[in-house]
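Engineer: For reference, the structure I am asking about is given below.
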Amino acid sequence: MSRFANRIFCSVAVLALLSPAGLAQARPAEPEEAQATMNTVVVTARKRDELIGDVPTAISAFGSEEIARLNLVSIDDLASFTPGLQTAESSVSSGGSIALRGVGSGSSNYLGDQAVSINVDGMQIGTLNIRKAAQIDLEQIEILRGPQALFFGKNSPGGVISMKTADPTPDRLLALETGYEAVSQDAYYQALYSAPVSDTVGVRLVARYSDLNGYFKVKSVPANGDPLVTPAPVSRWPSGEEFFARATVVVDATEALRLKGKLTFNESKIEGGSIMAQQRIACPLGAPQLQPDFPCKADRDIYVGNGRPEDVALAAGAPSRNGIGFRNNQQILGTLQADYKVSPDLTLTSVTGYYLFDEVNAHDASIGPRAVLLVPYLPFEMRQFSQEVRLASDWDAPVNFTTGVFYETRDTYGAQDAVITAFPPAPFAIGQEQTFQDQEAFSAFAQLIWDVTDRLEVSGGLRYSEEDKSLRFFRRGVDVTGNLVRDSLSFDNVSPELTVSYDVTDDIMVFGSYKEGFKSGGFDGGFTNGAIAAGNFANTFDEETVTGFEGGVKATLFDQLVVNLTAYEYDYDDLQVGAFDPDSISFKVLNAAAAKVRGIEADFNWQTPAEGLFLRGSLALNDAKFEDFLSGCYLGQTVVLGCNINLNPVTGAFLQQDLSGRQMNNAPDTAATGGILYSGQLGNGLGFDLAFDATYSSDYYANLRQSPLDLQKAYTKLNASLRLFGDDDRWEVSLLGRNLTDEYTFNASAPITLTGGGSGIATAISGDQSAVVSRGREVFLKFTWRPVR
């Protein structure tokens, strides 16, 4: 048994000893779906507890029971049930990408901030690698769409995903859970213990061990004498193990002071590097280039080889001689929140956060069974500290306020080296490149909420931000920072916001908002393929700003039907976007001069007259277009195909295409969800939930440069679940089917290095295309037992 398994089973044994049979039972909770339908979910979008129907902004929320029913244990899972939310894995250390309403920063730069940020227990995490942490034991998830300037650390011009982990329960609770996925044969074991230690102290402990056996099948082809074609040492991916643990302590130190500390640890060890998630989905020449023949399509089969140890060893510092590599990482997240009642209606809150991500990654980037391109060295580390202090009033008066300050410091390290084996006379390493970035951010924010009348509310506020960044650059162990055009950057910004809401009746509210947002510029940490050595190297990009309006209606009709409607229009200047450059074997960040995002979103929750039957649905119509953007050309794009701007007089090739007026990547113009939930009783104390959900997306481009091969066609995915449980809530069994239509889709695609040839010339040749492919059909079985409830 592995040491991870020992940890979880020891945890279970200890928790069991702490919970004798005579402990008190918790009070049964109201059905969460009914609460959601009645619009009584409490959210903290304005850093104060408010009913979701009273918050004048576009927001969606998932509560703990719905999170469990849908098996939402990652940000990627959440995207399956949220229209307009797109997530994707990445082969670099950025942690992937997230886009909302088509606005995202791509997966290209591990040194930059994200347009859609993730906030966990009040701390905004500086890297999307938090996507890889198992999001276990969550109490609530809130998705705020559009610019969020005021309340979530630094500005988030695309939106915020805010996650709140569960707190200790007022009574003792022990819950043991295990789950199994039939296609991947993955299994997990989880233990949860929560209890009051005294009248003023409560604790909550949760731990999970996951045994990953691999959803995708790893395949090869006959070598036929080619020494670069060697089978991978694994048959499935991702295979490995993960361990997750969180401890929460809540202390009511005095009647006025409450302390809440949370410490999360997540460790993942996966055989095979991150790029194994990419598949060769298109071969425009009819067969794979620089590879033996194998299918070019998106499905469960991954064709990958295993680089020779002597080739891997050419990269200095390579942590493994295994050509397919691995991805091992650890994450630590700690938050401490202190709430002090200065007076009964004036609260001072401090949120201190620390986050560490440490990863060693290596992979075969050939995307085929012939090992022609290896990336044996790809470490990444980030340390982040943040401190926020805010003061909020809750007076029984027309005017209330929230004000505060925020400080963040972050240190980031990343490196890369690549080995090319495809061309004679011998394999060679391009040369290790390392970047070290230090950054500091400070901001101050304030908001006033004025109840002009019993029905009319006006709120306004702003955030002032300052940010400084510096970069050190090393190539082959030599400091080449002096070769950069700039090695330090400074930014400042003021982002205001104004909202007016009016209660037409007690059950119908209309609102309108003007918002501005900002995201600092920065350094592009992408691999330069040695270009840094030539000097005068420019790798910076400008800050991104957004201004616009949104308005909507929130209504509860007949005490059973909740309807929300939002319309929005935002203009983005210097939108930060990224794309893979096959020539430099790296991702690049640049600014699109202008973009406009506008649309309509609608959703409903209906507690039907039929007892136990609930219906819900949502629709997002999104028109997201580049208004002014000269992009690099895609691989193989000729002059006739649109690569006809900015002629290079030396090479005779055009360098750019005009994407003005084109749909932004990862921005489907139509996305929708629909769901049915039926709850009932089978007799003998046995209850059940039966649910069906459907997700639809129209087509969209999955790469900034928008080759025809980057187009993901429209798709529909179906999900279903059945939960059986005892009326005392001590046990439950769940069967979940996800993506029952077995659709293989992608949100990130890229040309394959060393294939194709040129762009902007008449003789350009299209390269093969790869993509990070989503999982097809999955079937989960879960069992939960609560011996103490």
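Quick note on naming: the chains in the structure tokens go A, B, ... in the order shown, residues restart at 1 in each chain, and ligands are numbered from 1 in order of appearance.
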Skip Val197 in chain A itself and residues of its chain fewer than 3 positions away, then list as an MDAnalysis selection string all residues within 12 Å of it, counting only C-alpha atoms.
Structural biologist: chainID A and resid 18 168:172 193:194 200:204 249:252
Engineer: Applying 12 Å and only C-alpha atoms, which residues near Ala593 in chain A remain after dropping the ones on its own chain fewer than 4 positions away? List them as a PyMOL selection string.
Structural biologist: chain A and resi 541-546+571-577+625-631+658-660
Engineer: Please write the residues from the selection above to a file, keeping C-alpha atoms, as a short mmCIF file (atom, residue, chain, number, x, y, z; two decimals), in the first residue's frame.
Structural biologist:
```cif
data_model
loop_
_atom_site.label_atom_id
_atom_site.label_comp_id
_atom_site.auth_asym_id
_atom_site.auth_seq_id
_atom_site.Cartn_x
_atom_site.Cartn_y
_atom_site.Cartn_z
CA PHE A 541 2.89 43.53 -23.00
CA ASP A 542 0.63 46.43 -22.02
CA GLU A 543 -2.06 46.68 -19.35
CA GLU A 544 -5.62 45.70 -20.25
CA THR A 545 -8.60 47.94 -19.49
CA VAL A 546 -12.35 47.53 -19.85
CA ASP A 571 -15.24 47.48 -24.56
CA TYR A 572 -11.76 46.06 -23.97
CA ASP A 573 -8.63 48.02 -24.86
CA ASP A 574 -5.28 46.25 -25.25
CA LEU A 575 -6.89 42.90 -24.51
CA GLN A 576 -4.12 40.50 -23.47
CA VAL A 577 -4.19 37.38 -25.65
CA LYS A 625 -15.50 40.21 -31.45
CA PHE A 626 -12.11 41.75 -32.05
CA GLU A 627 -12.67 45.31 -33.21
CA ASP A 628 -9.06 46.15 -34.02
CA PHE A 629 -6.51 43.36 -34.03
CA LEU A 630 -3.58 42.47 -36.25
CA SER A 631 -2.59 38.93 -35.31
CA ASP A 658 -6.37 41.19 -39.81
CA LEU A 659 -8.79 39.61 -37.32
CA SER A 660 -10.86 42.77 -36.86
#
```
Engineer: Taking only range 516-680 of chain A into account, list the residues labelled helix (DSSP H, G or I) by DSSP (computed from the backbone), as a list of chain:residue names.
Structural biologist: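 Across range 516-680 of chain A, those assigned helix (DSSP H, G or I) are A:Ala531, A:Ile532, A:Ala533, A:Ala534.
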Engineer: Could you give me, as JSON, numbers by chain, the residues within 10 Å of Tyr354 in chain A, counting only C-alpha atoms and dropping anything in the same chain fewer than 2 positions from it?
Structural biologist: {"A": [123, 125, 263, 332, 333, 334, 335, 336, 352, 356, 383, 384, 385, 386, 387, 408, 409, 410]}
Engineer: Within 7 Å of Thr402 in chain A, counting only C-alpha atoms, which residues show up once you throw out same-chain ones fewer than 4 positions away? Write them as a PyMOL selection string, please.
Structural biologist: chain A and resi 390-393+446-448
Engineer: Would you mind exporting N, CA and C atoms of the selected residues as an mmCIF file, in the first residue's frame?
Structural biologist:
```cif
data_model
loop_
_atom_site.group_PDB
_atom_site.id
_atom_site.type_symbol
_atom_site.label_atom_id
_atom_site.label_comp_id
_atom_site.auth_asym_id
_atom_site.auth_seq_id
_atom_site.Cartn_x
_atom_site.Cartn_y
_atom_site.Cartn_z
ATOM 1 N N ARG A 390 -10.478 45.225 5.681
ATOM 2 C CA ARG A 390 -11.632 46.031 5.276
ATOM 3 C C ARG A 390 -12.534 46.317 6.472
ATOM 4 N N LEU A 391 -13.259 47.413 6.366
ATOM 5 C CA LEU A 391 -14.198 47.855 7.394
ATOM 6 C C LEU A 391 -15.556 48.018 6.731
ATOM 7 N N ALA A 392 -16.585 47.392 7.296
ATOM 8 C CA ALA A 392 -17.919 47.422 6.688
ATOM 9 C C ALA A 392 -18.957 47.760 7.745
ATOM 10 N N SER A 393 -19.917 48.584 7.354
ATOM 11 C CA SER A 393 -21.000 48.963 8.260
ATOM 12 C C SER A 393 -22.264 48.205 7.916
ATOM 13 N N ALA A 446 -13.216 51.313 -1.944
ATOM 14 C CA ALA A 446 -14.318 51.786 -1.109
ATOM 15 C C ALA A 446 -15.609 51.716 -1.904
ATOM 16 N N GLN A 447 -16.711 51.453 -1.202
ATOM 17 C CA GLN A 447 -18.037 51.449 -1.812
ATOM 18 C C GLN A 447 -19.040 52.028 -0.826
ATOM 19 N N LEU A 448 -19.948 52.856 -1.337
ATOM 20 C CA LEU A 448 -21.078 53.365 -0.576
ATOM 21 C C LEU A 448 -22.357 52.771 -1.136
#
```
Engineer: Please, what distance in Å, to one decimal, runs between CA of Leu471 in chain A and CA of Asp487 in chain A?
Structural biologist: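 CA of Asp487 in chain A lies 5.2 Å from CA of Leu471 in chain A.
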Engineer: From the DSSP assignment of the backbone, select every residue of range 681-739 of chain A that is strand (DSSP E), and format the answer as a ChimeraX atom specification.
Structural biologist: /A:681-683,686-697,700-701,711-712,715-726,731-738
Engineer: Would you compute the distance between CA of Asp186 in chain A and CA of Ser774 in chain A? Give it in Å to one decimal.
Structural biologist: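 CA of Ser774 in chain A lies at a distance of 16.4 Å from CA of Asp186 in chain A.
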Engineer: Quick check, in Å to one decimal: how far apart do CA of Val399 in chain A and CA of Lys154 in chain A lie?
Structural biologist: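 So the answer is 25.7 Å.
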Engineer: Would you mind listing what lies within 7 Å of Asn646 in chain A as number ranges by chain, with only C-alpha atoms counted and same-chain residues fewer than 4 positions away left out?
Structural biologist: A: 654-656
Engineer: Got time to write the residues from that selection, C-alpha atoms, as a PDB file, in the first residue's frame?
Structural biologist:
```
ATOM      1  CA  PHE A 654       3.846  38.728 -44.850  1.00  0.00           C
ATOM      2  CA  LEU A 655       3.752  38.527 -41.051  1.00  0.00           C
ATOM      3  CA  GLN A 656       0.200  39.359 -39.979  1.00  0.00           C
TER       4      GLN A 656
END
```
Engineer: Give me, as JSON lines, the closest atom pair and its distance (Å, one decimal) for every residue of range 287-354 of chain A within a cut-off of 9 Å of range 415-419 of chain A, counting only C-alpha atoms, rows sorted by chain and rising number.
Structural biologist:
```
{"residue": "A:Asp311", "atom": "CA", "partner": "A:Val419", "partner_atom": "CA", "distance": 7.0}
{"residue": "A:Val312", "atom": "CA", "partner": "A:Val419", "partner_atom": "CA", "distance": 7.1}
{"residue": "A:Leu314", "atom": "CA", "partner": "A:Val419", "partner_atom": "CA", "distance": 7.0}
{"residue": "A:Ala315", "atom": "CA", "partner": "A:Asp417", "partner_atom": "CA", "distance": 6.2}
{"residue": "A:Ala316", "atom": "CA", "partner": "A:Asp417", "partner_atom": "CA", "distance": 8.0}
{"residue": "A:Ala318", "atom": "CA", "partner": "A:Asp417", "partner_atom": "CA", "distance": 8.7}
```
Engineer: Could you pull the residues within 10 Å of range 594-601 of chain A, counting only C-alpha atoms, minus those fewer than 6 positions along the same chain, as a ChimeraX atom specification?
Structural biologist: /A:58,83-84,101-103,146,544-552,564-575,618-629,660-664,667,669-672
Engineer: Please provide as a PyMOL selection string all residues within 9 Å of Tyr464 in chain A, with the sequence filter that same-chain residues fewer than 4 positions apart are discarded (counting only C-alpha atoms).
Structural biologist: chain A and resi 442-445+492-496
Engineer: Can you write out the residues you just picked, keeping N, CA and C atoms, as a PDB file, in the first residue's frame?
Structural biologist:
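Result file follows (out_34.pdb):
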```pdb
ATOM      1  N   PHE A 442      -0.427  46.905  -4.593  1.00  0.00           N
ATOM      2  CA  PHE A 442      -1.153  47.578  -3.513  1.00  0.00           C
ATOM      3  C   PHE A 442      -2.395  48.212  -4.107  1.00  0.00           C
ATOM      4  N   SER A 443      -3.499  48.135  -3.375  1.00  0.00           N
ATOM      5  CA  SER A 443      -4.707  48.809  -3.825  1.00  0.00           C
ATOM      6  C   SER A 443      -5.544  49.219  -2.626  1.00  0.00           C
ATOM      7  N   ALA A 444      -6.361  50.225  -2.830  1.00  0.00           N
ATOM      8  CA  ALA A 444      -7.323  50.691  -1.829  1.00  0.00           C
ATOM      9  C   ALA A 444      -8.679  50.777  -2.504  1.00  0.00           C
ATOM     10  N   PHE A 445      -9.726  50.408  -1.783  1.00  0.00           N
ATOM     11  CA  PHE A 445     -11.045  50.359  -2.390  1.00  0.00           C
ATOM     12  C   PHE A 445     -12.097  50.851  -1.401  1.00  0.00           C
ATOM     13  N   ASP A 492      -0.378  51.780 -12.666  1.00  0.00           N
ATOM     14  CA  ASP A 492      -1.364  52.280 -11.705  1.00  0.00           C
ATOM     15  C   ASP A 492      -2.672  52.516 -12.433  1.00  0.00           C
ATOM     16  N   ASN A 493      -3.775  52.473 -11.667  1.00  0.00           N
ATOM     17  CA  ASN A 493      -5.096  52.543 -12.292  1.00  0.00           C
ATOM     18  C   ASN A 493      -6.142  52.919 -11.249  1.00  0.00           C
ATOM     19  N   VAL A 494      -7.193  53.581 -11.716  1.00  0.00           N
ATOM     20  CA  VAL A 494      -8.389  53.828 -10.911  1.00  0.00           C
ATOM     21  C   VAL A 494      -9.575  53.246 -11.668  1.00  0.00           C
ATOM     22  N   SER A 495     -10.291  52.299 -11.048  1.00  0.00           N
ATOM     23  CA  SER A 495     -11.443  51.645 -11.675  1.00  0.00           C
ATOM     24  C   SER A 495     -12.696  51.956 -10.853  1.00  0.00           C
ATOM     25  N   PRO A 496     -13.591  52.791 -11.389  1.00  0.00           N
ATOM     26  CA  PRO A 496     -14.836  53.085 -10.676  1.00  0.00           C
ATOM     27  C   PRO A 496     -15.970  52.149 -11.083  1.00  0.00           C
TER      28      PRO A 496
END
```
Engineer: May I ask which of the residues A:Ala191, A:Phe243, A:Ala748, A:Thr412 is the closest one to Val206 in chain A, counting only C-alpha atoms?
Structural biologist: A:Ala191
